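Remarks on the structure that follows.
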Amino acid sequence: MKQVLLSVIIPVYKVEETLDRCVESVLRQSVPGSMEVILVDDGSPDGCPQMCDAWAQRDERIRVVHQDNRGLGAARNAGLDVSRGSYVTFVDSDDFLATCTYLPLMQWLTDHPEADVLEYEVCLMKDDTQNLTFADALYRDARQYWLQTRAWWHGYAWNKIFRRELFEEVHFADNRFCEDLLLLTQVLELGPIVATAHQGTYYYIWNEAGLSANVSARKTRQLLETTMYAWRALRMNIFSHGALDFLRFMLYRQIDHYHASGEVLLRWPFVRLICWLHGKFDKRRSAN
């Protein structure tokens with residue numbers, strides 16, 4: 001059996017309008033070695049299962065997994081279970097890739113075999129277009145990568161290429177908000193070498209009906225719990241360069257959760273008072 005260099009996992013659920021664009025953008029990629037594309041039909045109730053099967057008949061690089069609907073994390077895990085690549089990456093089926101994204105990235109990984117994770121650039125397409133860019137850098141300390149790049153703002157799974165062996169230790173959580181950020185934290189806890197690169201572009205399409213666009217008390221709690229876990233898992237302290245920015249982010253997520261639920265999870269001095277005052281200020285500002 002031919003050695004596969006890169007496995008591309010695409011979860012599929014109710015994306016009839018965007019699936020072809022996504023798959024075509026992946027198949028246009030050149031990889032210095034063999035690439036496989038794994039379409040995971042997560043029990044989609046529309047025509048997506050048939051579309052996936054049609055793509056597999058059209059291109060031998062494509063494999064299809066059909067399963068009952070279990071959510072994004074479980075779909076990615078199903079793809080990981082059958083993946084054969086030395087490296088693995090993810091693409092959401094309503095997004096797409098710029099031409100010639102994987103070629104320079106995979107060449108970089110071939111030239112730097114010590115790297116376990118490679119993160120690349122993103123174009124966030126919402127009301128306006130925002131670009132997330134990176135300098136070419138290699139981080140041998142996961143905590144340094146987290147703080148210097150402010151990774152909590154871009155803890156996505158889909159703009160990163162991972163050494164597949166990492167997923168022998170970690171998997172995506174099922175039915176959990178911000179499972180990408182939690183997985184990244186768990187990967188970093190393993191002490192990998194992380195690289196960032198200025199090459200390539202992942203086009204992320206904001207979906208008003210998507211999981212990230214709809215906030216609830218459950219989601220604010222899970223996001224806050226993930227940041228608290230990251231602080232402990234990466235053994236951070238307030239004297240680390242960039243730590244204050246992360247602490248500020250955690251505090252604002254606590255304020256969000258307090259407004260949504262009245263619950264305080266951060267056991268810092270005066271946090272409940274800060275949340276209460278912030279709510280009072282917001283109400284007064286709204287009244288004016």
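By order in the structure tokens, chains are A, B, ...; within a chain, residues start at 1; ligands start at 1, following the order shown.
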TODO: Within 8 Å of A:Glu36, counting only C-alpha atoms, which residues show up once you throw out same-chain ones fewer than 2 positions away? Write them as a list in words, please.
DONE: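 With the cut-off at 8 Å, the set is Val4, Leu6, Ser7, Val8, Ser34, Ile38, Arg61, Ile62, Arg63 and Gly85 of chain A.
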- [ ] Could you pull out the residues in stretch 61-222 of chain A that DSSP calls strand (DSSP E) from the backbone, as a ChimeraX atom specification?
- [x] /A:62-67,87-90,96-97,117-119,122-125,129-132,137-139,160-163,194-196,202-205
Would you mind exporting N, CA and C atoms of the selected residues as a short mmCIF file (atom, residue, chain, number, x, y, z; two decimals), in the first residue's frame?
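Now in selection15.cif:
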data_model
loop_
_atom_site.label_atom_id
_atom_site.label_comp_id
_atom_site.auth_asym_id
_atom_site.auth_seq_id
_atom_site.Cartn_x
_atom_site.Cartn_y
_atom_site.Cartn_z
N ILE A 62 -10.34 9.92 -2.50
CA ILE A 62 -11.41 10.19 -1.54
C ILE A 62 -11.94 8.90 -0.94
N ARG A 63 -12.09 8.90 0.37
CA ARG A 63 -12.74 7.82 1.10
C ARG A 63 -13.91 8.43 1.88
N VAL A 64 -14.96 7.64 2.07
CA VAL A 64 -16.16 8.13 2.73
C VAL A 64 -16.48 7.28 3.95
N VAL A 65 -16.81 7.96 5.04
CA VAL A 65 -17.30 7.30 6.25
C VAL A 65 -18.73 7.80 6.49
N HIS A 66 -19.68 6.89 6.63
CA HIS A 66 -21.05 7.24 6.98
C HIS A 66 -21.30 6.83 8.43
N GLN A 67 -21.91 7.73 9.19
CA GLN A 67 -22.25 7.40 10.58
C GLN A 67 -23.51 8.15 10.98
N TYR A 87 0.75 12.84 8.44
CA TYR A 87 0.21 14.08 8.99
C TYR A 87 -1.29 14.13 8.71
N VAL A 88 -1.99 14.91 9.51
CA VAL A 88 -3.44 15.02 9.34
C VAL A 88 -3.85 16.48 9.51
N THR A 89 -4.85 16.89 8.73
CA THR A 89 -5.40 18.23 8.86
C THR A 89 -6.91 18.15 8.67
N PHE A 90 -7.59 19.26 8.93
CA PHE A 90 -9.05 19.28 8.91
C PHE A 90 -9.53 20.46 8.07
N PHE A 96 -13.04 26.70 2.46
CA PHE A 96 -12.25 26.22 1.34
C PHE A 96 -10.82 26.73 1.46
N LEU A 97 -9.96 26.21 0.59
CA LEU A 97 -8.52 26.52 0.63
C LEU A 97 -8.11 27.32 -0.59
N VAL A 117 3.42 20.28 14.89
CA VAL A 117 2.22 21.04 14.50
C VAL A 117 2.68 22.23 13.67
N LEU A 118 2.00 22.48 12.57
CA LEU A 118 2.29 23.65 11.73
C LEU A 118 1.01 24.43 11.53
N GLU A 119 1.02 25.70 11.92
CA GLU A 119 -0.15 26.57 11.78
C GLU A 119 0.07 27.55 10.63
N VAL A 122 -5.03 32.47 7.77
CA VAL A 122 -6.48 32.36 7.62
C VAL A 122 -7.04 33.68 7.09
N CYS A 123 -8.02 33.56 6.20
CA CYS A 123 -8.82 34.71 5.78
C CYS A 123 -10.22 34.50 6.35
N LEU A 124 -10.60 35.34 7.32
CA LEU A 124 -11.90 35.25 7.97
C LEU A 124 -12.89 36.10 7.19
N MET A 125 -13.87 35.45 6.60
CA MET A 125 -14.82 36.14 5.73
C MET A 125 -16.16 36.25 6.45
N THR A 129 -13.58 41.38 5.52
CA THR A 129 -12.56 40.35 5.44
C THR A 129 -11.42 40.69 6.39
N GLN A 130 -11.05 39.72 7.22
CA GLN A 130 -9.94 39.91 8.14
C GLN A 130 -8.92 38.80 7.90
N ASN A 131 -7.65 39.17 7.92
CA ASN A 131 -6.59 38.20 7.68
C ASN A 131 -5.83 37.92 8.97
N LEU A 132 -5.68 36.63 9.26
CA LEU A 132 -4.87 36.19 10.39
C LEU A 132 -3.54 35.72 9.83
N ALA A 137 8.08 30.84 12.24
CA ALA A 137 8.69 30.69 13.56
C ALA A 137 8.58 29.24 14.01
N LEU A 138 9.48 28.85 14.91
CA LEU A 138 9.50 27.51 15.48
C LEU A 138 9.54 27.65 17.00
N TYR A 139 8.58 27.03 17.67
CA TYR A 139 8.46 27.13 19.13
C TYR A 139 8.72 25.76 19.75
N LYS A 160 -4.33 24.10 10.85
CA LYS A 160 -3.13 23.46 11.40
C LYS A 160 -2.95 22.08 10.78
N ILE A 161 -1.70 21.70 10.62
CA ILE A 161 -1.35 20.35 10.18
C ILE A 161 -0.64 19.68 11.35
N PHE A 162 -1.14 18.50 11.74
CA PHE A 162 -0.66 17.80 12.92
C PHE A 162 0.05 16.51 12.54
N ARG A 163 1.08 16.18 13.28
CA ARG A 163 1.63 14.83 13.18
C ARG A 163 0.57 13.86 13.69
N VAL A 194 6.00 23.35 17.88
CA VAL A 194 4.96 24.01 17.08
C VAL A 194 5.61 25.04 16.17
N ALA A 195 5.17 25.06 14.92
CA ALA A 195 5.69 26.03 13.95
C ALA A 195 4.53 26.86 13.41
N THR A 196 4.84 28.07 13.00
CA THR A 196 3.89 28.92 12.28
C THR A 196 4.53 29.32 10.95
N TYR A 202 -6.34 29.56 4.46
CA TYR A 202 -7.60 28.86 4.73
C TYR A 202 -8.70 29.91 4.75
N TYR A 203 -9.73 29.74 3.93
CA TYR A 203 -10.84 30.68 3.88
C TYR A 203 -11.96 30.19 4.79
N TYR A 204 -12.15 30.91 5.89
CA TYR A 204 -13.20 30.57 6.86
C TYR A 204 -14.42 31.42 6.58
N ILE A 205 -15.56 30.77 6.35
CA ILE A 205 -16.80 31.47 6.04
C ILE A 205 -17.67 31.53 7.29
#
Open item on the list: For a quick check of understanding, using only C-alpha atoms, which of A:Ala243, A:Arg218, A:Leu182, A:Trp206 has the smallest distance to A:Ala230?
Closed with: A:Leu182
Open item on the list: Using DSSP secondary structure from the backbone, list all helix (DSSP H, G or I) positions within stretch 83-230 of chain A, as a PyMOL selection string.
Closed with: chain A and resi 102-111+142-148+151-153+164-168+179-189+211-213+217-230
Task: Close residues, A:Pro104 itself excluded, 8 Å, only C-alpha atoms, min 4 positions apart in chain, as a ChimeraX atom specification - done: /A:100,108,199-200
Deliver the residues from the most recent selection as a file, using C-alpha atoms, as an mmCIF file, in the first residue's frame.
data_model
loop_
_atom_site.group_PDB
_atom_site.id
_atom_site.type_symbol
_atom_site.label_atom_id
_atom_site.label_comp_id
_atom_site.auth_asym_id
_atom_site.auth_seq_id
_atom_site.Cartn_x
_atom_site.Cartn_y
_atom_site.Cartn_z
ATOM 1 C CA CYS A 100 -1.260 25.918 -3.573
ATOM 2 C CA TRP A 108 8.312 22.846 5.087
ATOM 3 C CA GLN A 199 2.336 30.429 3.424
ATOM 4 C CA GLY A 200 -1.084 29.205 2.388
#
So that I can check the surroundings of A:Asp20, please list as an mmCIF file with C-alpha atoms, in the first residue's frame every protein, DNA and RNA residue that reaches within 10 Å of it, counting only C-alpha atoms and ignoring chain neighbours fewer than 2 positions away.
data_model
loop_
_atom_site.group_PDB
_atom_site.id
_atom_site.type_symbol
_atom_site.label_atom_id
_atom_site.label_comp_id
_atom_site.auth_asym_id
_atom_site.auth_seq_id
_atom_site.Cartn_x
_atom_site.Cartn_y
_atom_site.Cartn_z
ATOM 1 C CA VAL A 15 -23.790 21.513 3.406
ATOM 2 C CA GLU A 16 -25.221 20.751 -0.033
ATOM 3 C CA GLU A 17 -24.512 24.291 -1.254
ATOM 4 C CA THR A 18 -20.852 24.415 -0.228
ATOM 5 C CA CYS A 22 -14.782 22.699 -0.400
ATOM 6 C CA VAL A 23 -13.831 19.329 -1.886
ATOM 7 C CA GLU A 24 -12.678 20.875 -5.167
ATOM 8 C CA SER A 25 -10.391 23.289 -3.308
ATOM 9 C CA VAL A 26 -8.782 20.366 -1.469
ATOM 10 C CA CYS A 48 -24.819 15.131 1.234
ATOM 11 C CA MET A 51 -22.717 13.675 -2.886
ATOM 12 C CA CYS A 52 -19.925 12.148 -0.783
ATOM 13 C CA TRP A 55 -17.039 12.213 -5.067
ATOM 14 C CA SER A 93 -17.195 21.672 4.634
ATOM 15 C CA ASP A 94 -18.490 25.242 4.314
ATOM 16 C CA PHE A 96 -12.252 26.224 1.337
#
Open item on the list: Would you pick out the contacts of stretch 168-178 of chain A at 12 Å or less, using only C-alpha atoms, so that residues sharing its chain but fewer than 4 positions from it are not included, and give the list as a PyMOL selection string?
Closed with: chain A and resi 69-81+83+152-157+162-164+182-191+210-227
Just C-alpha atoms for this one: save the residues we selected as a PDB file, in the first residue's frame.
ATOM      1  CA  ASN A  69     -25.345  12.104  13.585  1.00  0.00           C
ATOM      2  CA  ARG A  70     -23.041  12.554  16.578  1.00  0.00           C
ATOM      3  CA  GLY A  71     -21.614  16.046  16.125  1.00  0.00           C
ATOM      4  CA  LEU A  72     -18.484  17.709  14.779  1.00  0.00           C
ATOM      5  CA  GLY A  73     -16.019  16.286  17.289  1.00  0.00           C
ATOM      6  CA  ALA A  74     -17.222  12.712  16.773  1.00  0.00           C
ATOM      7  CA  ALA A  75     -17.095  13.153  12.989  1.00  0.00           C
ATOM      8  CA  ARG A  76     -13.481  14.298  13.160  1.00  0.00           C
ATOM      9  CA  ASN A  77     -12.634  11.393  15.447  1.00  0.00           C
ATOM     10  CA  ALA A  78     -14.204   8.972  12.971  1.00  0.00           C
ATOM     11  CA  GLY A  79     -11.963  10.400  10.262  1.00  0.00           C
ATOM     12  CA  LEU A  80      -8.921  10.083  12.498  1.00  0.00           C
ATOM     13  CA  ASP A  81      -9.733   6.440  13.210  1.00  0.00           C
ATOM     14  CA  SER A  83      -6.678   8.000   8.534  1.00  0.00           C
ATOM     15  CA  TRP A 152      -6.553  31.427  22.511  1.00  0.00           C
ATOM     16  CA  TRP A 153      -7.770  33.709  19.701  1.00  0.00           C
ATOM     17  CA  HIS A 154      -6.976  31.169  16.964  1.00  0.00           C
ATOM     18  CA  GLY A 155      -7.250  27.747  18.563  1.00  0.00           C
ATOM     19  CA  TYR A 156      -8.807  26.325  15.401  1.00  0.00           C
ATOM     20  CA  ALA A 157      -8.187  22.776  14.225  1.00  0.00           C
ATOM     21  CA  PHE A 162      -0.664  17.803  12.925  1.00  0.00           C
ATOM     22  CA  ARG A 163       1.634  14.833  13.182  1.00  0.00           C
ATOM     23  CA  ARG A 164      -0.884  11.984  13.266  1.00  0.00           C
ATOM     24  CA  LEU A 182      -9.661  22.211  24.094  1.00  0.00           C
ATOM     25  CA  LEU A 183      -7.965  19.809  21.683  1.00  0.00           C
ATOM     26  CA  LEU A 184      -5.184  22.300  20.940  1.00  0.00           C
ATOM     27  CA  THR A 185      -4.583  22.700  24.670  1.00  0.00           C
ATOM     28  CA  GLN A 186      -4.404  18.929  25.129  1.00  0.00           C
ATOM     29  CA  VAL A 187      -1.995  18.634  22.193  1.00  0.00           C
ATOM     30  CA  LEU A 188       0.226  21.367  23.633  1.00  0.00           C
ATOM     31  CA  GLU A 189       0.187  19.605  26.985  1.00  0.00           C
ATOM     32  CA  LEU A 190       2.111  16.787  25.275  1.00  0.00           C
ATOM     33  CA  GLY A 191       5.017  19.191  24.708  1.00  0.00           C
ATOM     34  CA  GLY A 210     -23.329  28.018  13.076  1.00  0.00           C
ATOM     35  CA  LEU A 211     -22.238  26.870  16.508  1.00  0.00           C
ATOM     36  CA  SER A 212     -19.864  29.780  17.107  1.00  0.00           C
ATOM     37  CA  ALA A 213     -22.476  32.410  16.264  1.00  0.00           C
ATOM     38  CA  ASN A 214     -24.995  31.408  18.932  1.00  0.00           C
ATOM     39  CA  VAL A 215     -24.021  31.978  22.561  1.00  0.00           C
ATOM     40  CA  SER A 216     -25.592  30.288  25.584  1.00  0.00           C
ATOM     41  CA  ALA A 217     -24.723  29.815  29.254  1.00  0.00           C
ATOM     42  CA  ARG A 218     -23.539  26.288  28.455  1.00  0.00           C
ATOM     43  CA  LYS A 219     -21.173  27.600  25.775  1.00  0.00           C
ATOM     44  CA  THR A 220     -19.782  30.448  27.898  1.00  0.00           C
ATOM     45  CA  ARG A 221     -19.149  27.979  30.722  1.00  0.00           C
ATOM     46  CA  GLN A 222     -17.371  25.492  28.462  1.00  0.00           C
ATOM     47  CA  LEU A 223     -15.184  28.186  26.911  1.00  0.00           C
ATOM     48  CA  LEU A 224     -14.222  29.504  30.346  1.00  0.00           C
ATOM     49  CA  GLU A 225     -13.523  25.980  31.613  1.00  0.00           C
ATOM     50  CA  THR A 226     -11.256  25.384  28.613  1.00  0.00           C
ATOM     51  CA  THR A 227      -9.219  28.537  29.294  1.00  0.00           C
TER      52      THR A 227
END
TODO: Figure out the distance between atom CA of A:Ala151 and atom CA of A:Leu181, please, to one decimal in Å.
DONE: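 These two atoms are separated by 8.7 Å.
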Task: atom CA of A:Thr149 to atom CA of A:Leu109, distance in Å rounded to a single decimal - done: 19.8 Å
- [ ] Go through A:Leu277, A:Tyr229, A:Arg28, A:Val82 one by one, measure the shortest atom-to-atom distance of each to A:Ile9 using only C-alpha atoms, and give the residue with the smallest value.
- [x]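 Result for the nearest residue to A:Ile9: A:Val82.
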Open item on the list: Measuring between only C-alpha atoms, which one of A:Pro45, A:Pro11, A:Pro32, A:Gly262 shows the shortest distance to A:Val91?
Closed with: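 Of A:Pro45, A:Pro11, A:Pro32, A:Gly262, the one nearest A:Val91, counting only C-alpha atoms, is A:Pro11.
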Task: Residues near A:Val271, cut-off 9 Å, only C-alpha atoms, skip fewer than 5 positions along chain, as JSON, numbers by chain - done: {"A": [251, 254, 255, 264, 266, 276]}
Could the residues in this selection be saved with N, CA and C atoms as a PDB file, in the first residue's frame?
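For reference, again_6.pdb as written:
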ATOM      1  N   LEU A 251     -10.785  36.688  32.222  1.00  0.00           N
ATOM      2  CA  LEU A 251     -11.691  37.505  33.023  1.00  0.00           C
ATOM      3  C   LEU A 251     -12.902  37.941  32.207  1.00  0.00           C
ATOM      4  N   GLN A 254     -15.224  35.155  31.899  1.00  0.00           N
ATOM      5  CA  GLN A 254     -15.967  34.995  33.144  1.00  0.00           C
ATOM      6  C   GLN A 254     -17.112  36.006  33.230  1.00  0.00           C
ATOM      7  N   ILE A 255     -16.861  37.232  32.819  1.00  0.00           N
ATOM      8  CA  ILE A 255     -17.920  38.243  32.813  1.00  0.00           C
ATOM      9  C   ILE A 255     -19.043  37.829  31.872  1.00  0.00           C
ATOM     10  N   VAL A 264     -20.032  32.180  38.951  1.00  0.00           N
ATOM     11  CA  VAL A 264     -18.631  32.588  38.987  1.00  0.00           C
ATOM     12  C   VAL A 264     -17.767  31.337  39.123  1.00  0.00           C
ATOM     13  N   LEU A 266     -14.154  31.532  38.191  1.00  0.00           N
ATOM     14  CA  LEU A 266     -12.804  31.983  38.531  1.00  0.00           C
ATOM     15  C   LEU A 266     -12.748  32.343  40.015  1.00  0.00           C
ATOM     16  N   TRP A 276     -20.328  41.918  38.787  1.00  0.00           N
ATOM     17  CA  TRP A 276     -21.536  42.663  39.176  1.00  0.00           C
ATOM     18  C   TRP A 276     -21.454  44.118  38.727  1.00  0.00           C
TER      19      TRP A 276
END
